[in-house]
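Participant: Sharing a structure here in structure tokens format.
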Amino acid sequence: MSDNRLLPSAVVGGLLAIGFIGAGALIGQGVIHARAGDRTVTVRGLSERNVKADLAVLPLRFTASGDVLSEVQTKIDGDLALVRRFLTAQGYPAQAIELGRLEVADTRSREYAAQNGGPRFILAQTVIVRTSDVARVQATTRLLNDLVRQDVVLQDFQGPSYIFTKLNDVRPQMIAEGTAAARTGAEQFAKDSGTPLGPIRQATQGSFEILPRDGAAGDEAASIDKKIRVVTTITYSLK
């Protein structure tokens, strides 16, 4: 009698064990499917373009010094006339020449300078050339010795700045190129792994960089020839 009662219990226990095993198998299969659904590939697409600057800014800062303020002012006014005449001779229209601020320093007003033997007044005037004729500015910088020969003291001359102002004109096409390059890389990865490529999960557009062309060293603003670069990062699903 007792053995007959034990048999159904063993059968029931066995059925429950089988049930748990089956449930565990289904749960495990569900995890595998979830992980497969989350599989992704992240790729980057590069777009580069060579451009030329379309705006040039040439600041000319010149100084005069002396112990009599009126005499120093007369000298700086004369130098200003020479600079204007020089730029006009280079072919710049009046609207391309801007007059910057006049700086006046009285060295005797500084405690540490009361003992030196230098001039009391130092005046500095800046003239700024702003033009789209970048080739003309490039030629002008090679002729600045003409001003020096006329006793115009150029100070802190750093050369012109060449600027590319049409980034918005090339931005859409470069983003499209970067996106296409990224997709090509993702498709190749999916092909090599034998997995179909799914839709975009996430996309990030990097910042546009403007660099000297051909990786030349130095300040980008000093170069007329430039390279624009953007890297697009895209995450795709893998089916």
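Every chain in the structure tokens takes a letter, A first, then B, and so on in the order presented; its residues are numbered from 1, and the ligands are numbered from 1 following the presented order.
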Tell me which protein, DNA and RNA residues are within 12 Å of range 173-186 of chain A, counting only C-alpha atoms, leaving out same-chain ones fewer than 5 positions away, and put them as an MDAnalysis selection string.
Facilitator: chainID A and resid 40:50 167:168 191:193 195:200 202:209 228:238
Participant: In terms of the shortest atom-to-atom distance over only C-alpha atoms, which of A:Arg171, A:Arg120, A:Arg142, A:Lys227 is closest to Gly159 in chain A?
Facilitator: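 For Gly159 in chain A, the nearest of the candidates is A:Arg142.
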Participant: Find the residues around Ala139 in chain A up to 12 Å (only C-alpha atoms counted), leave out those fewer than 6 positions away in its own chain, and share them as a short mmCIF file (atom, residue, chain, number, x, y, z; two decimals) with all heavy atoms, in the first residue's frame.
Facilitator:
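Writing the result to selection37.cif gives the following:
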```cif
data_model
loop_
_atom_site.label_atom_id
_atom_site.label_comp_id
_atom_site.auth_asym_id
_atom_site.auth_seq_id
_atom_site.Cartn_x
_atom_site.Cartn_y
_atom_site.Cartn_z
N ALA A 56 40.14 87.90 -45.94
CA ALA A 56 41.45 88.18 -45.34
C ALA A 56 41.33 89.41 -44.46
O ALA A 56 40.68 90.40 -44.82
CB ALA A 56 42.50 88.42 -46.43
N LEU A 58 43.88 91.98 -42.38
CA LEU A 58 45.28 92.38 -42.20
C LEU A 58 45.35 93.57 -41.24
O LEU A 58 45.04 94.70 -41.62
CB LEU A 58 45.90 92.76 -43.55
CG LEU A 58 47.32 93.34 -43.51
CD1 LEU A 58 48.30 92.32 -42.95
CD2 LEU A 58 47.74 93.80 -44.90
N LEU A 87 48.24 101.64 -48.77
CA LEU A 87 47.16 100.70 -49.03
C LEU A 87 46.35 101.10 -50.26
O LEU A 87 45.92 100.23 -51.03
CB LEU A 87 46.25 100.60 -47.80
CG LEU A 87 46.90 99.98 -46.55
CD1 LEU A 87 45.95 100.04 -45.36
CD2 LEU A 87 47.33 98.53 -46.81
N GLN A 90 48.05 99.97 -53.23
CA GLN A 90 47.92 98.53 -53.42
C GLN A 90 46.58 98.14 -54.02
O GLN A 90 46.36 96.96 -54.33
CB GLN A 90 48.10 97.81 -52.08
CG GLN A 90 49.48 97.95 -51.46
CD GLN A 90 50.57 97.39 -52.35
OE1 GLN A 90 50.47 96.27 -52.83
NE2 GLN A 90 51.60 98.18 -52.59
N GLY A 91 45.70 99.12 -54.20
CA GLY A 91 44.43 98.84 -54.86
C GLY A 91 43.25 98.57 -53.96
O GLY A 91 42.20 98.13 -54.43
N ASP A 133 39.50 89.86 -51.26
CA ASP A 133 40.60 89.69 -52.21
C ASP A 133 41.83 89.19 -51.46
O ASP A 133 42.77 89.92 -51.18
CB ASP A 133 40.89 91.03 -52.90
CG ASP A 133 41.80 90.88 -54.11
OD1 ASP A 133 42.41 89.80 -54.27
OD2 ASP A 133 41.89 91.84 -54.90
N GLY A 159 51.04 89.09 -39.21
CA GLY A 159 50.58 88.67 -40.52
C GLY A 159 49.06 88.68 -40.61
O GLY A 159 48.35 88.85 -39.62
N PRO A 160 48.53 88.46 -41.80
CA PRO A 160 47.08 88.47 -41.98
C PRO A 160 46.44 87.17 -41.49
O PRO A 160 47.11 86.15 -41.34
CB PRO A 160 46.92 88.61 -43.50
CG PRO A 160 48.17 88.01 -44.06
CD PRO A 160 49.26 88.29 -43.07
#
```
Participant: As a short mmCIF file (atom, residue, chain, number, x, y, z; two decimals) with all heavy atoms, in the first residue's frame, please: every residue in range 36-165 of chain A that DSSP puts in strand (DSSP E or B).
Facilitator:
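Final output, states30.cif:
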```cif
data_model
loop_
_atom_site.label_atom_id
_atom_site.label_comp_id
_atom_site.auth_asym_id
_atom_site.auth_seq_id
_atom_site.Cartn_x
_atom_site.Cartn_y
_atom_site.Cartn_z
N THR A 40 24.73 45.45 -31.86
CA THR A 40 24.93 46.68 -32.63
C THR A 40 26.36 46.74 -33.14
O THR A 40 27.23 46.01 -32.66
CB THR A 40 24.65 47.94 -31.79
OG1 THR A 40 25.54 47.96 -30.66
CG2 THR A 40 23.21 47.99 -31.31
N VAL A 41 26.58 47.63 -34.08
CA VAL A 41 27.91 47.93 -34.57
C VAL A 41 28.02 49.45 -34.69
O VAL A 41 27.11 50.11 -35.19
CB VAL A 41 28.21 47.24 -35.92
CG1 VAL A 41 27.21 47.64 -36.99
CG2 VAL A 41 29.63 47.59 -36.38
N THR A 42 29.10 50.00 -34.16
CA THR A 42 29.33 51.44 -34.22
C THR A 42 30.47 51.73 -35.19
O THR A 42 31.55 51.15 -35.08
CB THR A 42 29.68 51.98 -32.83
OG1 THR A 42 28.58 51.74 -31.94
CG2 THR A 42 29.94 53.49 -32.89
N VAL A 43 30.21 52.61 -36.13
CA VAL A 43 31.19 52.92 -37.17
C VAL A 43 31.32 54.43 -37.29
O VAL A 43 30.44 55.20 -36.88
CB VAL A 43 30.79 52.32 -38.53
CG1 VAL A 43 30.91 50.81 -38.51
CG2 VAL A 43 29.37 52.73 -38.89
N ARG A 44 32.42 54.85 -37.90
CA ARG A 44 32.67 56.27 -38.14
C ARG A 44 32.86 56.53 -39.62
O ARG A 44 33.49 55.73 -40.31
CB ARG A 44 33.89 56.76 -37.35
CG ARG A 44 33.71 56.72 -35.85
CD ARG A 44 34.95 57.22 -35.14
NE ARG A 44 34.77 57.23 -33.70
CZ ARG A 44 35.70 57.57 -32.83
NH1 ARG A 44 36.90 57.93 -33.26
NH2 ARG A 44 35.45 57.56 -31.53
N GLY A 45 32.33 57.64 -40.06
CA GLY A 45 32.47 58.04 -41.45
C GLY A 45 33.17 59.38 -41.55
O GLY A 45 32.75 60.36 -40.91
N LEU A 46 34.23 59.46 -42.33
CA LEU A 46 35.03 60.68 -42.47
C LEU A 46 34.70 61.38 -43.77
O LEU A 46 34.58 60.75 -44.82
CB LEU A 46 36.52 60.33 -42.43
CG LEU A 46 37.50 61.45 -42.75
CD1 LEU A 46 37.47 62.52 -41.68
CD2 LEU A 46 38.91 60.90 -42.91
N SER A 47 34.58 62.70 -43.70
CA SER A 47 34.44 63.53 -44.90
C SER A 47 35.43 64.67 -44.81
O SER A 47 35.52 65.36 -43.80
CB SER A 47 33.01 64.08 -45.02
OG SER A 47 32.91 64.93 -46.16
N GLU A 48 36.21 64.87 -45.88
CA GLU A 48 37.20 65.94 -45.94
C GLU A 48 37.05 66.71 -47.24
O GLU A 48 36.66 66.14 -48.27
CB GLU A 48 38.63 65.37 -45.83
CG GLU A 48 38.96 64.78 -44.48
CD GLU A 48 40.40 64.29 -44.42
OE1 GLU A 48 40.95 63.91 -45.48
OE2 GLU A 48 40.97 64.29 -43.32
N ARG A 49 37.40 67.97 -47.17
CA ARG A 49 37.30 68.81 -48.37
C ARG A 49 38.35 69.92 -48.30
O ARG A 49 38.53 70.56 -47.26
CB ARG A 49 35.90 69.42 -48.47
CG ARG A 49 35.67 70.25 -49.71
CD ARG A 49 34.20 70.44 -49.95
NE ARG A 49 33.53 69.15 -50.09
CZ ARG A 49 32.27 69.01 -50.45
NH1 ARG A 49 31.53 70.08 -50.67
NH2 ARG A 49 31.73 67.82 -50.57
N ASN A 50 39.04 70.13 -49.42
CA ASN A 50 40.01 71.22 -49.52
C ASN A 50 39.31 72.49 -50.01
O ASN A 50 38.55 72.45 -50.98
CB ASN A 50 41.14 70.85 -50.48
CG ASN A 50 42.02 69.74 -49.94
OD1 ASN A 50 42.20 69.61 -48.73
ND2 ASN A 50 42.59 68.94 -50.83
N VAL A 51 39.56 73.59 -49.33
CA VAL A 51 38.94 74.87 -49.68
C VAL A 51 39.99 75.97 -49.59
O VAL A 51 41.08 75.78 -49.07
CB VAL A 51 37.76 75.20 -48.74
CG1 VAL A 51 36.66 74.16 -48.84
CG2 VAL A 51 38.24 75.33 -47.29
N LYS A 52 39.63 77.13 -50.11
CA LYS A 52 40.48 78.31 -50.00
C LYS A 52 39.76 79.37 -49.17
O LYS A 52 38.53 79.50 -49.23
CB LYS A 52 40.81 78.87 -51.39
CG LYS A 52 41.85 78.07 -52.16
CD LYS A 52 42.23 78.78 -53.44
CE LYS A 52 43.38 78.05 -54.13
NZ LYS A 52 44.64 78.19 -53.40
N LEU A 55 38.10 85.28 -47.10
CA LEU A 55 38.17 86.56 -46.40
C LEU A 55 39.55 86.71 -45.79
O LEU A 55 40.09 85.76 -45.21
CB LEU A 55 37.10 86.64 -45.31
CG LEU A 55 37.14 87.88 -44.40
CD1 LEU A 55 36.82 89.14 -45.20
CD2 LEU A 55 36.18 87.74 -43.23
N ALA A 56 40.14 87.90 -45.94
CA ALA A 56 41.45 88.18 -45.34
C ALA A 56 41.33 89.41 -44.46
O ALA A 56 40.68 90.40 -44.82
CB ALA A 56 42.50 88.42 -46.43
N VAL A 57 41.96 89.34 -43.29
CA VAL A 57 41.99 90.46 -42.36
C VAL A 57 43.46 90.76 -42.04
O VAL A 57 44.18 89.90 -41.54
CB VAL A 57 41.22 90.13 -41.05
CG1 VAL A 57 41.29 91.31 -40.09
CG2 VAL A 57 39.78 89.78 -41.37
N LEU A 58 43.88 91.98 -42.38
CA LEU A 58 45.28 92.38 -42.20
C LEU A 58 45.35 93.57 -41.24
O LEU A 58 45.04 94.70 -41.62
CB LEU A 58 45.90 92.76 -43.55
CG LEU A 58 47.32 93.34 -43.51
CD1 LEU A 58 48.30 92.32 -42.95
CD2 LEU A 58 47.74 93.80 -44.90
N PRO A 59 45.74 93.35 -39.98
CA PRO A 59 45.91 94.46 -39.04
C PRO A 59 47.34 95.01 -39.12
O PRO A 59 48.31 94.26 -39.10
CB PRO A 59 45.64 93.81 -37.68
CG PRO A 59 46.02 92.38 -37.86
CD PRO A 59 45.88 92.04 -39.31
N LEU A 60 47.43 96.35 -39.20
CA LEU A 60 48.73 97.03 -39.20
C LEU A 60 48.76 97.97 -38.00
O LEU A 60 48.00 98.95 -37.95
CB LEU A 60 48.93 97.81 -40.50
CG LEU A 60 48.97 96.97 -41.80
CD1 LEU A 60 49.04 97.89 -43.01
CD2 LEU A 60 50.13 96.00 -41.78
N ARG A 61 49.60 97.64 -37.04
CA ARG A 61 49.72 98.45 -35.83
C ARG A 61 51.09 99.13 -35.84
O ARG A 61 52.11 98.47 -35.92
CB ARG A 61 49.56 97.58 -34.59
CG ARG A 61 49.55 98.32 -33.26
CD ARG A 61 49.24 97.34 -32.13
NE ARG A 61 49.12 97.99 -30.84
CZ ARG A 61 50.11 98.17 -29.97
NH1 ARG A 61 51.33 97.71 -30.29
NH2 ARG A 61 49.92 98.77 -28.83
N PHE A 62 51.09 100.45 -35.77
CA PHE A 62 52.34 101.18 -35.82
C PHE A 62 52.39 102.15 -34.65
O PHE A 62 51.37 102.60 -34.12
CB PHE A 62 52.51 101.92 -37.16
CG PHE A 62 51.29 102.67 -37.60
CD1 PHE A 62 51.15 104.03 -37.34
CD2 PHE A 62 50.27 102.03 -38.29
CE1 PHE A 62 50.03 104.74 -37.74
CE2 PHE A 62 49.14 102.73 -38.70
CZ PHE A 62 49.02 104.09 -38.43
N THR A 63 53.62 102.49 -34.22
CA THR A 63 53.81 103.27 -33.01
C THR A 63 54.73 104.47 -33.26
O THR A 63 55.50 104.50 -34.23
CB THR A 63 54.43 102.40 -31.90
OG1 THR A 63 55.71 101.95 -32.31
CG2 THR A 63 53.54 101.22 -31.58
N ALA A 64 54.61 105.43 -32.35
CA ALA A 64 55.52 106.58 -32.32
C ALA A 64 55.72 106.94 -30.86
O ALA A 64 54.83 106.72 -30.01
CB ALA A 64 54.94 107.76 -33.09
N SER A 65 56.88 107.48 -30.53
CA SER A 65 57.16 107.80 -29.12
C SER A 65 57.98 109.07 -29.02
O SER A 65 58.63 109.51 -29.98
CB SER A 65 57.92 106.63 -28.47
OG SER A 65 59.14 106.39 -29.14
N GLY A 66 57.93 109.69 -27.85
CA GLY A 66 58.68 110.91 -27.58
C GLY A 66 58.27 111.50 -26.25
O GLY A 66 57.36 110.99 -25.57
N ILE A 97 39.33 99.61 -45.76
CA ILE A 97 40.32 100.08 -44.78
C ILE A 97 39.58 100.66 -43.58
O ILE A 97 38.82 101.62 -43.71
CB ILE A 97 41.24 101.15 -45.41
CG1 ILE A 97 41.91 100.59 -46.67
CG2 ILE A 97 42.27 101.62 -44.40
CD1 ILE A 97 42.68 101.63 -47.46
N GLU A 98 39.80 100.06 -42.41
CA GLU A 98 39.14 100.50 -41.19
C GLU A 98 40.19 101.08 -40.23
O GLU A 98 41.29 100.55 -40.10
CB GLU A 98 38.42 99.34 -40.50
CG GLU A 98 37.37 98.66 -41.37
CD GLU A 98 36.76 97.46 -40.68
OE1 GLU A 98 37.08 97.23 -39.49
OE2 GLU A 98 35.98 96.74 -41.33
N LEU A 99 39.81 102.16 -39.57
CA LEU A 99 40.68 102.78 -38.59
C LEU A 99 40.38 102.21 -37.21
O LEU A 99 39.25 102.29 -36.72
CB LEU A 99 40.48 104.29 -38.58
CG LEU A 99 41.41 105.10 -37.65
CD1 LEU A 99 42.86 104.94 -38.09
CD2 LEU A 99 40.99 106.56 -37.63
N GLY A 100 41.40 101.62 -36.59
CA GLY A 100 41.23 101.07 -35.25
C GLY A 100 41.45 102.13 -34.18
O GLY A 100 41.56 103.32 -34.47
N ARG A 101 41.53 101.71 -32.95
CA ARG A 101 41.63 102.65 -31.84
C ARG A 101 43.05 103.22 -31.73
O ARG A 101 44.03 102.59 -32.15
CB ARG A 101 41.25 101.97 -30.53
CG ARG A 101 42.17 100.84 -30.14
CD ARG A 101 41.85 100.35 -28.74
NE ARG A 101 42.76 99.28 -28.33
CZ ARG A 101 42.95 98.91 -27.08
NH1 ARG A 101 42.27 99.51 -26.11
NH2 ARG A 101 43.80 97.94 -26.79
N LEU A 102 43.14 104.39 -31.15
CA LEU A 102 44.42 105.03 -30.85
C LEU A 102 44.76 104.75 -29.40
O LEU A 102 43.97 105.05 -28.49
CB LEU A 102 44.34 106.54 -31.10
CG LEU A 102 45.58 107.35 -30.73
CD1 LEU A 102 46.76 106.96 -31.61
CD2 LEU A 102 45.30 108.84 -30.82
N GLU A 103 45.94 104.18 -29.14
CA GLU A 103 46.38 103.87 -27.79
C GLU A 103 47.43 104.89 -27.35
O GLU A 103 48.37 105.19 -28.10
CB GLU A 103 46.98 102.47 -27.75
CG GLU A 103 46.04 101.38 -28.24
CD GLU A 103 46.76 100.05 -28.42
OE1 GLU A 103 47.48 99.64 -27.48
OE2 GLU A 103 46.64 99.45 -29.50
N VAL A 104 47.25 105.43 -26.15
CA VAL A 104 48.18 106.41 -25.61
C VAL A 104 48.68 105.92 -24.26
O VAL A 104 47.89 105.58 -23.37
CB VAL A 104 47.50 107.79 -25.45
CG1 VAL A 104 48.51 108.80 -24.89
CG2 VAL A 104 46.93 108.27 -26.77
N ALA A 105 50.01 105.86 -24.11
CA ALA A 105 50.61 105.43 -22.84
C ALA A 105 51.56 106.52 -22.35
O ALA A 105 52.40 107.01 -23.11
CB ALA A 105 51.36 104.12 -23.03
N ASP A 106 51.41 106.89 -21.08
CA ASP A 106 52.30 107.84 -20.42
C ASP A 106 53.15 107.05 -19.45
O ASP A 106 52.70 106.66 -18.38
CB ASP A 106 51.49 108.92 -19.70
CG ASP A 106 52.37 109.96 -19.04
OD1 ASP A 106 53.62 109.81 -19.09
OD2 ASP A 106 51.82 110.91 -18.46
N PHE A 121 55.95 109.42 -23.75
CA PHE A 121 54.68 109.08 -24.41
C PHE A 121 54.92 108.05 -25.52
O PHE A 121 55.85 108.17 -26.31
CB PHE A 121 54.02 110.32 -24.99
CG PHE A 121 53.63 111.34 -23.96
CD1 PHE A 121 54.40 112.50 -23.78
CD2 PHE A 121 52.54 111.15 -23.14
CE1 PHE A 121 54.06 113.44 -22.83
CE2 PHE A 121 52.18 112.08 -22.18
CZ PHE A 121 52.95 113.22 -22.03
N ILE A 122 54.05 107.07 -25.56
CA ILE A 122 54.05 106.06 -26.63
C ILE A 122 52.63 105.99 -27.18
O ILE A 122 51.67 105.70 -26.45
CB ILE A 122 54.49 104.68 -26.12
CG1 ILE A 122 55.89 104.76 -25.51
CG2 ILE A 122 54.46 103.66 -27.25
CD1 ILE A 122 56.33 103.46 -24.87
N LEU A 123 52.50 106.27 -28.47
CA LEU A 123 51.20 106.20 -29.14
C LEU A 123 51.21 105.05 -30.14
O LEU A 123 52.22 104.81 -30.81
CB LEU A 123 50.88 107.51 -29.86
CG LEU A 123 50.18 108.61 -29.04
CD1 LEU A 123 51.07 109.07 -27.89
CD2 LEU A 123 49.78 109.78 -29.92
N ALA A 124 50.10 104.35 -30.21
CA ALA A 124 49.96 103.23 -31.15
C ALA A 124 48.63 103.38 -31.89
O ALA A 124 47.58 103.62 -31.27
CB ALA A 124 50.02 101.90 -30.43
N GLN A 125 48.68 103.23 -33.20
CA GLN A 125 47.48 103.32 -34.04
C GLN A 125 47.37 102.04 -34.86
O GLN A 125 48.37 101.50 -35.33
CB GLN A 125 47.57 104.53 -34.98
CG GLN A 125 46.40 104.67 -35.94
CD GLN A 125 45.11 105.04 -35.21
OE1 GLN A 125 45.00 106.13 -34.65
NE2 GLN A 125 44.14 104.13 -35.21
N THR A 126 46.15 101.55 -35.02
CA THR A 126 45.92 100.32 -35.80
C THR A 126 45.03 100.63 -36.99
O THR A 126 44.01 101.32 -36.85
CB THR A 126 45.27 99.23 -34.94
OG1 THR A 126 46.11 98.95 -33.81
CG2 THR A 126 45.08 97.95 -35.74
N VAL A 127 45.43 100.12 -38.13
CA VAL A 127 44.61 100.17 -39.35
C VAL A 127 44.33 98.72 -39.76
O VAL A 127 45.25 97.89 -39.78
CB VAL A 127 45.33 100.93 -40.48
CG1 VAL A 127 44.55 100.80 -41.78
CG2 VAL A 127 45.50 102.39 -40.11
N ILE A 128 43.09 98.43 -40.07
CA ILE A 128 42.69 97.05 -40.39
C ILE A 128 42.17 97.00 -41.82
O ILE A 128 41.26 97.75 -42.20
CB ILE A 128 41.60 96.55 -39.43
CG1 ILE A 128 42.11 96.63 -37.98
CG2 ILE A 128 41.21 95.12 -39.76
CD1 ILE A 128 41.03 96.37 -36.95
N VAL A 129 42.76 96.10 -42.60
CA VAL A 129 42.27 95.83 -43.96
C VAL A 129 41.40 94.58 -43.90
O VAL A 129 41.84 93.53 -43.40
CB VAL A 129 43.44 95.63 -44.94
CG1 VAL A 129 42.91 95.28 -46.33
CG2 VAL A 129 44.32 96.87 -45.00
N ARG A 130 40.19 94.68 -44.41
CA ARG A 130 39.27 93.55 -44.43
C ARG A 130 38.71 93.42 -45.85
O ARG A 130 38.00 94.31 -46.32
CB ARG A 130 38.13 93.77 -43.43
CG ARG A 130 37.21 92.56 -43.24
CD ARG A 130 36.08 92.91 -42.29
NE ARG A 130 36.59 93.33 -41.00
CZ ARG A 130 36.83 92.49 -39.98
NH1 ARG A 130 36.59 91.20 -40.12
NH2 ARG A 130 37.29 92.96 -38.84
N THR A 131 39.02 92.31 -46.51
CA THR A 131 38.64 92.18 -47.91
C THR A 131 38.49 90.71 -48.31
O THR A 131 39.10 89.82 -47.69
CB THR A 131 39.70 92.84 -48.82
OG1 THR A 131 39.35 92.65 -50.19
CG2 THR A 131 41.08 92.25 -48.59
N VAL A 153 56.96 102.49 -37.94
CA VAL A 153 57.38 101.40 -37.05
C VAL A 153 56.19 100.45 -36.84
O VAL A 153 55.27 100.74 -36.06
CB VAL A 153 57.87 101.95 -35.69
CG1 VAL A 153 58.31 100.79 -34.80
CG2 VAL A 153 59.00 102.94 -35.90
N LEU A 154 56.23 99.32 -37.54
CA LEU A 154 55.18 98.31 -37.36
C LEU A 154 55.51 97.49 -36.12
O LEU A 154 56.62 96.99 -35.96
CB LEU A 154 55.11 97.41 -38.59
CG LEU A 154 54.68 98.09 -39.90
CD1 LEU A 154 54.74 97.08 -41.05
CD2 LEU A 154 53.30 98.70 -39.78
N SER A 161 45.15 87.25 -41.27
CA SER A 161 44.35 86.06 -40.96
C SER A 161 43.48 85.75 -42.16
O SER A 161 42.78 86.63 -42.67
CB SER A 161 43.47 86.30 -39.73
OG SER A 161 44.25 86.47 -38.57
N TYR A 162 43.54 84.50 -42.63
CA TYR A 162 42.74 84.06 -43.76
C TYR A 162 41.60 83.18 -43.23
O TYR A 162 41.84 82.20 -42.53
CB TYR A 162 43.60 83.29 -44.75
CG TYR A 162 44.74 84.12 -45.33
CD1 TYR A 162 46.06 83.89 -44.95
CD2 TYR A 162 44.48 85.13 -46.24
CE1 TYR A 162 47.09 84.66 -45.47
CE2 TYR A 162 45.51 85.90 -46.78
CZ TYR A 162 46.81 85.66 -46.39
OH TYR A 162 47.83 86.41 -46.91
N ILE A 163 40.39 83.54 -43.60
CA ILE A 163 39.20 82.93 -43.01
C ILE A 163 38.33 82.33 -44.10
O ILE A 163 38.13 82.93 -45.17
CB ILE A 163 38.40 83.98 -42.22
CG1 ILE A 163 39.31 84.66 -41.17
CG2 ILE A 163 37.19 83.35 -41.53
CD1 ILE A 163 38.73 85.93 -40.60
#
```
Participant: Just the number, please: distance in Å from CA of Pro119 in chain A to CA of Asp67 in chain A, one decimal.
Facilitator: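 For CA of Pro119 in chain A relative to CA of Asp67 in chain A, the distance reads 5.3 Å.
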Participant: A:Gln150, A:Ser132, A:Gln138, A:Thr165: which is nearest Ala96 in chain A, counting only C-alpha atoms?
Facilitator: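 Result for the nearest residue to Ala96 in chain A: A:Ser132.
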Participant: State, in Å with one decimal place, the distance from CA of Ile224 in chain A to CA of Val137 in chain A.
Facilitator: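 Calculated distance between CA of Ile224 in chain A and CA of Val137 in chain A is 10.6 Å.
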Participant: When distances are computed from only C-alpha atoms, which of A:Gln158, A:Thr141, A:Val83, A:Leu69 shows the smallest separation from Thr107 in chain A?
Facilitator: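 The answer is A:Leu69, which sits nearest to Thr107 in chain A.
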Participant: Just give me the gap between CA of Leu82 in chain A and CA of Leu147 in chain A in Å, one decimal is fine.
Facilitator: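 For CA of Leu82 in chain A relative to CA of Leu147 in chain A, the distance reads 7.5 Å.
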Participant: How would you write, as a ChimeraX atom specification, the set of residues in range 45-213 of chain A that DSSP gives as helix (DSSP H, G or I)?
Facilitator: /A:69-89,94-96,107-109,111-113,134-141,145-149,167-193,213
Participant: With C-alpha atoms retained, export the selected residues as a short mmCIF file (atom, residue, chain, number, x, y, z; two decimals), in the first residue's frame.
Facilitator:
```
data_model
loop_
_atom_site.label_atom_id
_atom_site.label_comp_id
_atom_site.auth_asym_id
_atom_site.auth_seq_id
_atom_site.Cartn_x
_atom_site.Cartn_y
_atom_site.Cartn_z
CA LEU A 69 52.77 114.56 -26.66
CA SER A 70 51.88 116.97 -29.47
CA GLU A 71 55.00 115.96 -31.41
CA VAL A 72 54.26 112.26 -30.98
CA GLN A 73 50.68 112.87 -32.12
CA THR A 74 51.96 114.66 -35.23
CA LYS A 75 54.25 111.71 -35.99
CA ILE A 76 51.46 109.15 -35.61
CA ASP A 77 49.16 111.25 -37.84
CA GLY A 78 51.86 111.38 -40.49
CA ASP A 79 52.40 107.63 -40.29
CA LEU A 80 48.65 107.09 -40.63
CA ALA A 81 48.66 109.13 -43.84
CA LEU A 82 51.57 107.05 -45.16
CA VAL A 83 49.78 103.79 -44.34
CA ARG A 84 46.58 104.94 -46.04
CA ARG A 85 48.53 106.05 -49.12
CA PHE A 86 50.38 102.73 -49.22
CA LEU A 87 47.16 100.70 -49.03
CA THR A 88 45.44 102.84 -51.65
CA ALA A 89 48.41 102.27 -53.97
CA ALA A 94 38.27 103.00 -48.97
CA GLN A 95 35.59 100.70 -47.53
CA ALA A 96 38.17 97.93 -47.10
CA THR A 107 55.24 105.96 -18.98
CA ARG A 108 55.79 108.58 -16.29
CA SER A 109 52.44 107.70 -14.78
CA GLU A 111 55.76 104.09 -10.62
CA TYR A 112 58.25 101.58 -11.94
CA ALA A 113 58.97 103.67 -15.05
CA VAL A 134 42.89 87.32 -50.33
CA ALA A 135 45.47 87.19 -53.11
CA ARG A 136 45.92 90.95 -52.90
CA VAL A 137 46.50 90.77 -49.14
CA GLN A 138 49.04 88.01 -49.64
CA ALA A 139 50.93 90.25 -52.07
CA THR A 140 50.68 93.25 -49.75
CA THR A 141 52.42 91.46 -46.89
CA ASN A 145 59.14 96.93 -46.19
CA ASP A 146 58.06 99.99 -48.18
CA LEU A 147 56.41 101.31 -45.02
CA VAL A 148 59.43 100.49 -42.88
CA ARG A 149 61.63 102.44 -45.28
CA LEU A 167 31.11 76.46 -44.01
CA ASN A 168 27.31 76.41 -44.11
CA ASP A 169 27.46 75.98 -47.89
CA VAL A 170 29.41 72.72 -47.67
CA ARG A 171 28.07 71.40 -44.35
CA PRO A 172 25.01 69.42 -45.68
CA GLN A 173 26.95 67.60 -48.38
CA MET A 174 29.83 66.76 -46.05
CA ILE A 175 27.44 65.32 -43.47
CA ALA A 176 25.87 63.20 -46.22
CA GLU A 177 29.32 62.01 -47.31
CA GLY A 178 30.28 61.10 -43.74
CA THR A 179 27.01 59.22 -43.24
CA ALA A 180 27.48 57.30 -46.49
CA ALA A 181 31.04 56.38 -45.54
CA ALA A 182 29.86 55.14 -42.15
CA ARG A 183 27.15 52.98 -43.71
CA THR A 184 29.65 51.47 -46.15
CA GLY A 185 31.82 50.43 -43.21
CA ALA A 186 28.84 49.01 -41.32
CA GLU A 187 27.68 47.03 -44.35
CA GLN A 188 31.13 45.53 -44.77
CA PHE A 189 31.23 44.56 -41.09
CA ALA A 190 27.78 42.95 -41.33
CA LYS A 191 28.79 41.09 -44.48
CA ASP A 192 31.98 39.76 -42.89
CA SER A 193 30.06 38.60 -39.80
CA ARG A 213 45.80 71.85 -45.94
#
```
